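Q: Quick one, start-v7.txt (compact mmCIF, C-alpha atoms):
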```
# COMPACT_ATOMS: atom_id res chain seq x y z
CA MET A 1 232.90 78.97 74.93
CA ALA A 2 231.47 80.71 71.89
CA PRO A 3 233.00 79.67 68.56
CA VAL A 4 234.22 83.20 67.75
CA ARG A 5 234.39 85.77 70.52
CA LEU A 6 236.00 89.15 71.04
CA ARG A 7 235.80 90.48 74.60
CA GLY A 8 232.87 88.27 75.40
CA LEU A 9 230.70 88.88 72.34
CA THR A 10 229.73 86.22 69.85
CA ALA A 11 230.38 86.85 66.19
CA THR A 12 226.65 87.51 65.67
CA VAL A 13 226.44 90.07 68.46
CA LEU A 14 229.72 91.74 67.50
CA SER A 15 228.69 92.10 63.88
CA ALA A 16 225.60 93.96 65.04
CA VAL A 17 227.73 96.19 67.25
CA LEU A 18 230.24 97.00 64.54
CA ALA A 19 227.44 97.77 62.10
CA THR A 20 226.38 100.42 64.59
CA VAL A 21 229.94 101.65 65.27
CA THR A 22 230.75 102.11 61.60
CA ALA A 23 227.40 103.81 60.93
CA CYS A 24 226.37 101.40 58.18
CA GLY A 25 222.90 100.87 56.73
CA PRO A 26 219.77 102.05 58.55
CA VAL A 27 221.69 103.39 61.55
CA ALA A 28 223.50 105.99 59.44
CA GLU A 29 220.26 106.94 57.70
CA ARG A 30 218.45 107.84 60.92
CA GLN A 31 220.50 111.03 61.32
CA PRO A 32 219.09 111.89 64.78
CA ARG A 33 219.29 115.52 65.78
CA ASP A 34 220.76 114.66 69.18
CA LEU A 35 223.03 111.90 70.44
CA ARG A 36 221.21 108.78 71.47
CA VAL A 37 221.16 108.16 75.22
CA GLY A 38 222.54 104.71 75.88
CA PHE A 39 223.84 102.50 73.11
CA ASP A 40 221.86 99.92 71.12
CA SER A 41 224.38 97.08 71.44
CA MET A 42 222.83 93.84 72.65
CA ASP A 43 224.10 90.58 74.16
CA GLY A 44 221.14 88.34 73.53
CA SER A 45 218.22 90.11 75.23
CA LEU A 46 220.53 92.19 77.45
CA THR A 47 221.11 95.85 76.58
CA VAL A 48 224.83 96.22 77.31
CA TRP A 49 224.82 100.02 77.69
CA PRO A 50 221.34 101.26 78.67
CA PRO A 51 220.70 104.94 79.52
CA ARG A 52 222.38 105.73 82.84
CA GLY A 53 222.44 108.69 85.22
CA SER A 54 219.98 111.15 86.74
CA LEU A 55 220.09 113.39 83.62
CA ALA A 56 219.61 110.59 81.09
CA GLU A 57 216.05 111.78 80.35
CA ASP A 58 216.88 115.49 80.50
CA THR A 59 216.47 116.66 76.89
CA GLY A 60 218.20 119.96 77.62
CA ALA A 61 221.29 118.17 78.94
CA THR A 62 221.28 115.79 75.96
CA ALA A 63 221.10 118.71 73.49
CA ALA A 64 223.93 120.55 75.26
CA VAL A 65 226.10 117.44 75.31
CA THR A 66 225.40 116.85 71.61
CA GLU A 67 226.43 120.40 70.73
CA ALA A 68 229.73 120.04 72.62
CA VAL A 69 230.48 116.69 70.99
CA ARG A 70 229.78 118.10 67.52
CA ASP A 71 232.30 120.88 68.19
CA TRP A 72 235.03 118.54 69.46
CA ARG A 73 237.89 117.47 67.17
CA SER A 74 240.36 114.60 67.48
CA PRO A 75 244.15 115.26 67.30
CA VAL A 76 244.03 114.64 63.54
CA ASP A 77 241.11 117.06 63.18
CA GLY A 78 238.53 114.30 62.85
CA ARG A 79 234.98 115.05 64.02
CA VAL A 80 232.56 112.75 65.80
CA HIS A 81 229.86 111.06 63.75
CA VAL A 82 226.89 111.72 66.03
CA PRO A 83 224.53 109.02 64.62
CA SER A 84 227.01 106.24 65.48
CA SER A 85 227.90 107.57 68.93
CA GLY A 86 226.02 107.53 72.22
CA ILE A 87 225.80 108.97 75.73
CA LEU A 88 226.70 106.15 78.11
CA PHE A 89 226.10 108.19 81.27
CA SER A 90 224.55 111.57 82.03
CA GLY A 91 224.10 112.61 85.64
CA GLU A 92 225.55 114.44 88.59
CA VAL A 93 228.77 113.23 90.24
CA ASP A 94 229.99 115.00 93.37
CA GLY A 95 227.41 117.70 92.66
CA VAL A 96 228.72 118.38 89.13
CA PRO A 97 226.92 117.36 85.88
CA LEU A 98 228.96 114.71 84.07
CA ALA A 99 228.43 113.03 80.70
CA LEU A 100 230.37 110.14 79.17
CA VAL A 101 230.13 109.61 75.41
CA ALA A 102 231.27 106.68 73.29
CA ALA A 103 232.34 108.53 70.17
CA SER A 104 232.97 107.20 66.68
CA VAL A 105 235.32 109.24 64.48
CA PRO A 106 235.06 108.16 60.81
CA GLY A 107 238.41 107.67 59.11
CA GLU A 108 240.21 106.77 62.35
CA SER A 109 240.66 103.18 63.47
CA ALA A 110 239.86 104.11 67.04
CA SER A 111 237.17 104.62 69.65
CA TRP A 112 237.00 107.69 71.85
CA LEU A 113 235.62 108.05 75.36
CA LEU A 114 234.72 111.71 75.81
CA GLN A 115 234.14 113.07 79.29
CA LEU A 116 232.11 116.27 79.53
CA THR A 117 231.21 118.59 82.40
CA ARG A 118 228.84 121.54 82.52
CA ASP A 119 230.35 125.02 82.22
CA GLY A 120 227.57 127.54 82.83
CA GLU A 121 224.79 126.79 80.36
CA ARG A 122 226.92 124.57 78.13
CA TYR A 123 228.94 121.38 78.30
CA VAL A 124 232.63 121.12 77.43
CA VAL A 125 234.83 118.11 76.67
CA ASP A 126 237.41 118.28 79.45
CA HIS A 127 238.91 114.81 79.08
CA SER A 128 239.24 112.51 76.06
CA ILE A 129 240.87 109.11 75.81
CA GLU A 130 241.36 106.93 72.77
CA TYR A 131 241.46 103.20 72.28
CA THR A 132 242.98 102.11 68.99
CA ASP A 133 240.46 99.34 68.39
CA PRO A 134 237.18 100.12 66.56
CA GLY A 135 234.13 99.53 68.72
CA TYR A 136 236.10 98.86 71.92
CA LEU A 137 234.04 101.26 74.00
CA VAL A 138 230.91 99.38 72.98
CA TYR A 139 231.98 95.79 73.63
CA SER A 140 234.17 96.52 76.65
CA ASP A 141 232.72 96.18 80.16
CA VAL A 142 234.77 98.54 82.35
CA LEU A 143 235.56 102.12 81.28
CA PRO A 144 237.82 104.55 83.19
CA VAL A 145 236.45 107.85 84.49
CA GLN A 146 238.68 110.56 85.95
CA THR A 147 237.01 113.02 88.32
CA SER A 148 238.45 115.71 90.57
CA ALA A 149 238.14 113.25 93.46
CA GLY A 150 240.01 110.46 91.63
CA ARG A 151 239.30 107.37 89.56
CA ARG A 152 235.87 105.87 89.04
CA TYR A 153 234.69 103.25 86.53
CA LEU A 154 231.59 102.96 84.38
CA THR A 155 230.52 99.33 84.06
CA SER A 156 228.32 97.61 81.52
CA GLU A 157 225.22 95.60 82.38
CA ARG A 158 227.31 92.44 82.02
CA VAL A 159 229.31 93.32 85.14
CA ARG A 160 227.93 91.66 88.26
CA ARG A 161 230.75 92.76 90.56
CA LEU A 162 233.91 94.87 90.35
CA VAL A 163 236.82 94.29 92.72
CA GLY A 164 239.28 97.12 93.32
CA PRO A 165 243.05 97.13 93.94
CA ASP A 166 242.48 96.37 97.63
CA ASP A 167 240.64 93.13 96.72
CA ARG A 168 237.36 94.56 97.98
CA PRO A 169 234.13 94.92 95.97
CA VAL A 170 233.52 98.43 94.64
CA ALA A 171 230.10 99.98 95.24
CA ASN A 172 228.19 100.91 92.10
CA SER A 173 225.29 103.29 91.51
CA ASP A 174 223.57 103.37 88.12
CA GLY A 175 226.65 101.88 86.48
CA LEU A 176 229.15 104.36 87.95
CA THR A 177 231.37 103.17 90.80
CA GLU A 178 232.40 104.99 93.90
CA ARG A 179 235.88 106.54 93.96
CA VAL A 180 238.59 103.87 93.68
CA ASP A 181 242.02 104.35 95.24
CA VAL A 182 244.26 104.30 92.17
CA PRO A 183 247.80 105.75 92.57
CA GLN A 184 249.03 108.42 90.22
CA CYS A 185 252.01 106.59 88.65
CA ARG A 186 251.58 102.93 89.65
CA ALA A 187 249.73 100.08 87.92
CA VAL A 188 247.01 98.38 89.95
CA THR A 189 244.57 95.56 89.18
CA VAL A 190 240.79 95.76 88.96
CA SER A 191 238.75 92.63 88.25
CA ALA A 192 235.20 92.23 86.99
CA THR A 193 232.88 89.28 87.49
CA LEU A 194 230.63 88.96 84.43
CA ARG A 195 227.11 87.55 84.62
CA SER A 196 225.83 84.78 82.36
CA THR A 197 224.70 86.08 78.97
CA GLU A 198 224.13 84.67 75.51
CA SER A 199 227.79 85.26 74.62
CA LEU A 200 229.03 84.04 78.02
CA PRO A 201 226.70 81.20 79.05
CA ARG A 202 228.82 80.48 82.12
CA GLY A 203 229.74 84.07 82.84
CA ARG A 204 233.33 84.87 83.77
CA ALA A 205 234.67 84.82 87.30
CA THR A 206 237.68 87.05 86.70
CA ASP A 207 238.03 89.61 83.91
CA ARG A 208 241.31 91.21 84.94
CA LEU A 209 242.51 94.69 83.91
CA LEU A 210 245.52 96.81 84.80
CA ASP A 211 244.93 100.48 85.49
CA LEU A 212 248.18 102.30 84.65
CA GLY A 213 247.44 105.07 87.15
CA THR A 214 245.68 108.41 87.34
CA GLY A 215 248.83 110.20 86.13
CA THR A 216 248.35 108.79 82.63
CA ALA A 217 247.61 111.81 80.44
CA GLY A 218 244.93 111.78 77.77
CA PRO A 219 244.36 110.66 75.13
CA ARG A 220 246.21 107.56 76.36
CA TYR A 221 243.80 104.82 77.45
CA PRO A 222 244.85 103.69 80.96
CA LEU A 223 243.29 100.20 81.07
CA VAL A 224 245.29 97.21 79.80
CA ARG A 225 243.98 93.65 79.62
CA ASP A 226 245.85 91.34 81.98
CA GLU A 227 244.14 87.96 81.84
CA SER A 228 247.10 85.96 83.18
CA GLY A 229 248.28 88.50 85.76
CA SER A 230 251.69 88.74 84.06
CA GLY A 231 251.28 92.49 83.61
CA ARG A 232 250.82 93.10 87.32
CA ARG A 233 254.06 91.23 88.01
CA ALA A 234 255.93 92.91 85.15
CA LEU A 235 255.03 96.45 86.22
CA ALA A 236 255.41 95.96 89.97
CA ASP A 237 257.25 98.96 91.48
CA LEU A 238 257.71 100.62 88.07
CA ASP A 239 256.78 104.28 87.53
CA THR A 240 254.05 104.19 84.87
CA CYS A 241 254.36 107.95 84.29
CA LEU A 242 257.94 107.36 83.15
CA LEU A 243 256.86 104.33 81.12
CA ALA A 244 254.28 106.52 79.38
CA GLY A 245 256.65 109.42 78.68
CA GLU A 246 257.96 110.38 75.27
CA ASP A 247 261.22 108.51 75.90
CA GLY A 248 259.62 105.67 77.85
CA PRO A 249 258.70 102.25 76.45
CA PHE A 250 254.96 102.91 76.15
CA GLY A 251 255.15 106.42 74.71
CA SER A 252 258.24 106.42 72.51
CA ILE A 253 256.89 105.46 69.05
CA PHE A 254 254.53 108.10 67.68
CA ARG A 255 251.42 107.27 65.68
CA ARG A 256 251.80 108.14 62.01
CA VAL A 257 248.88 109.47 60.00
CA GLY A 258 249.74 109.69 56.34
CA ASP A 259 253.27 111.02 56.12
CA ARG A 260 253.48 112.73 59.52
CA ASP A 261 253.86 111.85 63.18
CA VAL A 262 250.95 112.79 65.43
CA PRO A 263 252.37 113.11 68.96
CA GLN A 264 248.96 114.28 70.27
CA SER A 265 247.46 110.85 69.47
CA VAL A 266 247.92 107.62 71.38
CA PRO A 267 251.44 106.36 70.58
CA ALA A 268 251.85 103.35 68.30
CA SER A 269 253.75 101.79 71.22
CA TRP A 270 250.85 102.13 73.68
CA PRO A 271 249.97 98.78 75.39
CA GLN A 272 246.67 96.99 74.93
CA ALA A 273 247.33 93.56 76.44
CA LYS A 274 249.82 90.81 77.36
CA VAL A 275 252.39 92.85 79.27
CA ALA A 276 255.13 90.47 80.45
CA VAL A 277 258.78 90.51 81.55
CA ARG A 278 261.73 88.13 81.41
CA THR A 279 265.26 88.40 82.77
CA LEU A 280 268.05 88.87 80.22
CA GLY A 281 270.95 88.76 82.67
CA GLU A 282 273.05 90.73 85.13
CA LEU A 283 275.04 93.84 84.22
CA THR A 284 277.79 95.38 86.32
CA LEU A 285 279.11 98.77 85.19
CA ALA A 286 282.22 100.69 86.19
CA ASP A 287 280.68 101.85 89.47
CA GLY A 288 280.56 98.21 90.54
CA GLU A 289 276.85 98.12 91.38
CA PRO A 290 275.14 95.10 89.79
CA ALA A 291 271.79 95.44 88.06
CA GLU A 292 269.27 93.14 86.42
CA LEU A 293 268.52 93.61 82.74
CA GLU A 294 264.92 92.69 81.93
CA GLN A 295 263.03 92.59 78.66
CA LEU A 296 259.51 94.03 78.85
CA THR A 297 257.09 92.93 76.10
CA TRP A 298 253.51 93.93 75.33
CA GLU A 299 250.86 93.90 72.59
CA THR A 300 249.81 97.10 70.81
CA ALA A 301 247.51 97.98 67.92
CA ASP A 302 250.67 97.85 65.75
CA GLY A 303 251.87 94.44 66.97
CA THR A 304 254.31 93.28 69.63
CA MET A 305 256.70 95.80 71.18
CA SER A 306 259.52 95.37 73.68
CA ALA A 307 261.97 97.41 75.73
CA VAL A 308 264.80 96.90 78.22
CA VAL A 309 264.52 97.69 81.92
CA HIS A 310 267.67 98.30 84.01
CA ARG A 311 266.98 97.52 87.70
CA PRO A 312 269.86 98.29 90.09
CA ALA A 313 270.27 95.89 92.98
CA GLY A 314 270.46 98.82 95.41
CA ALA A 315 268.39 101.97 95.69
CA GLY A 316 269.41 103.47 92.34
CA PRO A 317 266.84 104.66 89.80
CA VAL A 318 265.29 102.23 87.33
CA ALA A 319 266.11 103.04 83.68
CA PHE A 320 264.13 102.19 80.54
CA SER A 321 264.91 102.07 76.84
CA PRO A 322 262.45 103.35 74.24
CA ALA A 323 260.29 100.70 72.58
CA ASP A 324 261.52 98.50 69.75
CA ARG A 325 259.22 96.70 67.34
CA THR A 326 259.65 92.93 67.12
CA ASN A 327 262.72 92.02 65.07
CA PRO A 328 265.05 89.01 64.84
CA LEU A 329 267.70 91.36 66.27
CA GLN A 330 266.33 93.62 69.01
CA VAL A 331 268.27 96.86 69.51
CA TYR A 332 267.65 98.99 72.60
CA GLU A 333 269.30 102.31 73.43
CA LEU A 334 269.43 102.39 77.22
CA PRO A 335 270.35 105.53 79.19
CA VAL A 336 271.81 104.64 82.61
CA PRO A 337 273.38 107.07 85.10
CA GLY A 338 276.58 108.52 83.63
CA GLN A 339 276.39 106.86 80.21
CA SER A 340 274.23 105.37 77.46
CA LEU A 341 274.31 101.74 76.37
CA VAL A 342 273.17 99.70 73.41
CA VAL A 343 271.62 96.34 74.28
CA LEU A 344 271.41 93.71 71.53
CA SER A 345 269.13 90.73 72.07
CA TRP A 346 268.27 87.79 69.80
CA ARG A 347 267.34 84.12 69.87
CA SER A 348 270.63 82.30 69.90
CA ALA A 349 271.03 79.19 67.75
CA LYS A 350 273.85 77.24 66.11
CA ASP A 351 273.54 79.15 62.84
CA THR A 352 273.26 82.69 64.30
CA THR A 353 276.26 85.04 64.28
CA LEU A 354 276.31 88.61 65.55
CA SER A 355 278.63 91.17 63.97
CA VAL A 356 279.40 94.50 65.64
CA PRO A 357 281.47 97.52 64.50
CA PRO A 358 285.26 97.27 65.00
CA ASN A 359 286.61 98.34 68.39
CA THR A 360 283.27 97.80 70.11
CA THR A 361 283.72 97.24 73.85
CA ARG A 362 281.45 94.40 74.92
CA LEU A 363 280.37 94.92 78.53
CA VAL A 364 278.29 91.75 78.31
CA ASP A 365 278.91 89.10 75.68
CA ARG A 366 277.01 85.85 75.79
CA PRO A 367 274.76 83.92 73.38
CA GLY A 368 271.66 86.00 72.74
CA LEU A 369 272.85 89.14 74.55
CA VAL A 370 275.50 91.80 73.96
CA VAL A 371 275.75 95.09 75.85
CA ALA A 372 278.12 97.85 74.72
CA PRO A 373 278.54 101.63 75.08
CA LEU A 374 276.20 103.48 72.72
CA PRO A 375 278.18 104.66 69.66
CA GLU A 376 278.66 108.41 69.34
CA ARG A 377 277.44 108.20 65.76
CA SER A 378 275.10 105.81 64.01
CA GLU A 379 276.65 102.35 63.62
CA THR A 380 275.30 99.16 62.06
CA PHE A 381 274.97 95.79 63.78
CA SER A 382 274.08 92.60 61.93
CA LEU A 383 272.78 89.14 62.75
CA ALA A 384 273.33 86.30 60.28
CA ALA A 385 270.60 83.68 60.74
CA ASP A 386 268.57 81.23 58.63
CA GLU A 387 270.39 82.12 55.42
CA LYS A 388 269.46 85.77 55.92
CA THR A 389 271.28 88.69 57.52
CA HIS A 390 269.37 91.23 59.58
CA TYR A 391 270.79 94.76 59.91
CA ARG A 392 270.01 97.26 62.68
CA SER A 393 271.52 100.64 63.58
CA ALA A 394 272.08 102.44 66.87
CA GLY A 395 273.74 105.69 67.93
CA SER A 396 273.08 109.37 67.30
CA PRO A 397 270.82 110.39 65.69
CA HIS A 398 268.85 107.69 67.48
CA ARG A 399 265.18 108.49 66.68
```
Show the structure stored in the file as structure tokens.
A:
Amino acid sequence: MAPVRLRGLTATVLSAVLATVTACGPVAERQPRDLRVGFDSMDGSLTVWPPRGSLAEDTGATAAVTEAVRDWRSPVDGRVHVPSSGILFSGEVDGVPLALVAASVPGESASWLLQLTRDGERYVVDHSIEYTDPGYLVYSDVLPVQTSAGRRYLTSERVRRLVGPDDRPVANSDGLTERVDVPQCRAVTVSATLRSTESLPRGRATDRLLDLGTGTAGPRYPLVRDESGSGRRALADLDTCLLAGEDGPFGSIFRRVGDRDVPQSVPASWPQAKVAVRTLGELTLADGEPAELEQLTWETADGTMSAVVHRPAGAGPVAFSPADRTNPLQVYELPVPGQSLVVLSWRSAKDTTLSVPPNTTRLVDRPGLVVAPLPERSETFSLAADEKTHYRSAGSPHR
């Protein structure tokens, strides 16, 4: 294993990549008129993203793609820096010209994958997805592509084989896979086998990713790293469209730019990796139907987030709380059929004491977990622990 590695690149290789991504030094000075075709990131002697597609050498297509990319703006009105971006694929898919561009937007800590199609004599950006990690689209190996016929993937030269959700190898032509059967609102696993390179002398047998489904709306990036497989188990049978919604765990905390929320950007609560679940306990409400309370956790660009999932034992609908950032006292506002609850969770120890407002009805009360009706107005809960008291509020207004 390399001494320092991020997504399979050694520190030496990654530094070269990030120098390109941030448009430093000679790269920025080149100021090419058109986007480069391919990307000059290397893994030893291997070009990770060479020119791909039947139109890769078509100068007219390259100029038209460049013009469309120059005109495109991110949700915060940022424009692409053409010298540090590149066309990863340019060709015809299902009879329609398609271009995929790894775009760098200066001033934003993000990478954009722009998908363009031809409209008459020009190209237009008809799909854009963001990953809140600089350079990700350069050092990643599997990128999502959404066509009218469904999901495809663009793979780097490091990928020797891609296995789809049905555990069968996916055919690949010039880096772009055939259509893969990905449901609209369900998470499925795709796995890449990586060849031996300078950064991965032994290759990698299983590079596992979760695709959150074709119903995931841009600019949300639908691929989540799932090295241990915990994410596949955590999201089994869950509706990822609801998870991604404005009130769902993955979509509930807006990105802030300066002093304003930017709901058009990828949410601060959007998952990148390490999705997992653990059982908090059983909850039985007035209707008498028992349900499991689970705590969903995941890593984001802003740190660890968590939420509560309410799973009825019968055929009732699953309910989710919005996300909560990691705190000693986790507070979740959980809407269930007929009422709203507040779920309080913490690590119980001998010196921890939870205090709740007077007259609070505790539907569940055990060490580390309290469930109560959501207050009609904002109320404060506190946890005394380690010579420090932590205060959290819940109730309307709740966001």
Q: Determine, using all atoms listed in the file, which residues of range 253-300 of chain A have any atom at most 10 Å from an atom of range 244-248 of chain A, and tabulate each with its shortest atom pair and distance in Å to one decimal place, rows ordered by chain and then rising number, as a tab-separated table.
A:
```
residue	atom	partner	partner_atom	distance
A:Ile253	CA	A:Glu246	CA	8.0
A:Phe254	CA	A:Glu246	CA	8.6
A:Pro263	CA	A:Glu246	CA	8.9
A:Pro267	CA	A:Glu246	CA	9.0
A:Ser269	CA	A:Ala244	CA	9.4
A:Trp270	CA	A:Ala244	CA	8.0
A:Pro271	CA	A:Ala244	CA	9.7
```
Q: Find the residues around Ala319 in chain A up to 9 Å (only C-alpha atoms counted), leave out those fewer than 6 positions away in its own chain, and share them as a list in words.
A: Val308, Val309, His310, Arg311, Pro312, Leu334, Pro335, Val336 and Pro337 of chain A
Q: List the neighbours of range 364-372 of chain A out to 8 Å using only C-alpha atoms; skip same-chain residues closer than 3 positions along the sequence, and give me the result as a ChimeraX atom specification.
A: /A:280,283,341-348,360-361
Q: What is the distance, in Å and to one decimal place, between CA of Phe320 in chain A and CA of Ala307 in chain A?
A: 7.1 Å
Q: Give the answer as one residue: which of A:Gln339, A:Cys185, A:Glu227, A:Arg256 has the shortest atom-to-atom distance to Cys241 in chain A, using all atoms listed in the file?
A: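 Closest to Cys241 in chain A, using all atoms listed in the file: A:Cys185.
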Q: So, counting all atoms listed in the file, which residue among A:Asp239, A:Glu289, A:Glu130, A:Glu92 is closest to Ala315 in chain A?
A: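 Looking only at the distances to Ala315 in chain A, the closest residue turns out to be A:Glu289.
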Q: Taking into account all atoms listed in the file, which residue in the set A:Gln295, A:Ser196, A:Ser109, A:Ser41 is nearest to Arg158 in chain A?
A: A:Ser196
Q: So that I can see what lies close to Ser382 in chain A, please list as an mmCIF file with C-alpha atoms, keeping the file's coordinate frame the residues with an atom at most 6 Å from it, counting all atoms listed in the file and leaving out residues fewer than 2 positions away in the same chain.
A:
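Everything below was put into part.cif:
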```cif
data_model
loop_
_atom_site.group_PDB
_atom_site.id
_atom_site.type_symbol
_atom_site.label_atom_id
_atom_site.label_comp_id
_atom_site.auth_asym_id
_atom_site.auth_seq_id
_atom_site.Cartn_x
_atom_site.Cartn_y
_atom_site.Cartn_z
ATOM 1 C CA LEU A 354 276.310 88.610 65.550
ATOM 2 C CA SER A 355 278.630 91.170 63.970
ATOM 3 C CA HIS A 390 269.370 91.230 59.580
ATOM 4 C CA TYR A 391 270.790 94.760 59.910
#
```
Q: From (243.4, 101.5, 70.6), in the file's coordinates, out to 7 Å: which residues are reached, counting all atoms listed in the file? Answer as a ChimeraX atom specification.
A: /A:110,130-133,301
Q: Find the distance between CA of Gly281 in chain A and CA of Asp211 in chain A and write it in Å to one decimal.
A: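 These atoms are spaced 28.7 Å apart.
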Q: Just give me the gap between CA of Asp324 in chain A and CA of Phe381 in chain A in Å, one decimal is fine.
A: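 Result for CA of Asp324 in chain A versus CA of Phe381 in chain A: 15.0 Å, one decimal.
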Q: Write out as a PyMOL selection string the residues lying within 9 Å of Leu210 in chain A, counting only C-alpha atoms and excluding same-chain residues fewer than 3 positions away.
A: chain A and resi 187-191+213+222-226+229+231-232
Q: I want to know what sits within 9 Å of Ser140 in chain A, based on all atoms listed in the file, with residues of the same chain fewer than 2 positions away left out; could you give that as a CSV table (one decimal) with C-alpha atoms, keeping the file's coordinate frame?
A:
```csv
chain,number,residue,atom,x,y,z
A,7,ARG,CA,235.8,90.5,74.6
A,8,GLY,CA,232.9,88.3,75.4
A,135,GLY,CA,234.1,99.5,68.7
A,136,TYR,CA,236.1,98.9,71.9
A,137,LEU,CA,234.0,101.3,74.0
A,138,VAL,CA,230.9,99.4,73.0
A,142,VAL,CA,234.8,98.5,82.4
A,143,LEU,CA,235.6,102.1,81.3
A,155,THR,CA,230.5,99.3,84.1
A,156,SER,CA,228.3,97.6,81.5
```
Q: Go through A:Val105, A:Leu162, A:Leu154, A:Val277 one by one, measure the shortest atom-to-atom distance of each to Val76 in chain A using all atoms listed in the file, and give the residue with the smallest value.
A: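 Closest to Val76 in chain A of all the choices is A:Val105.
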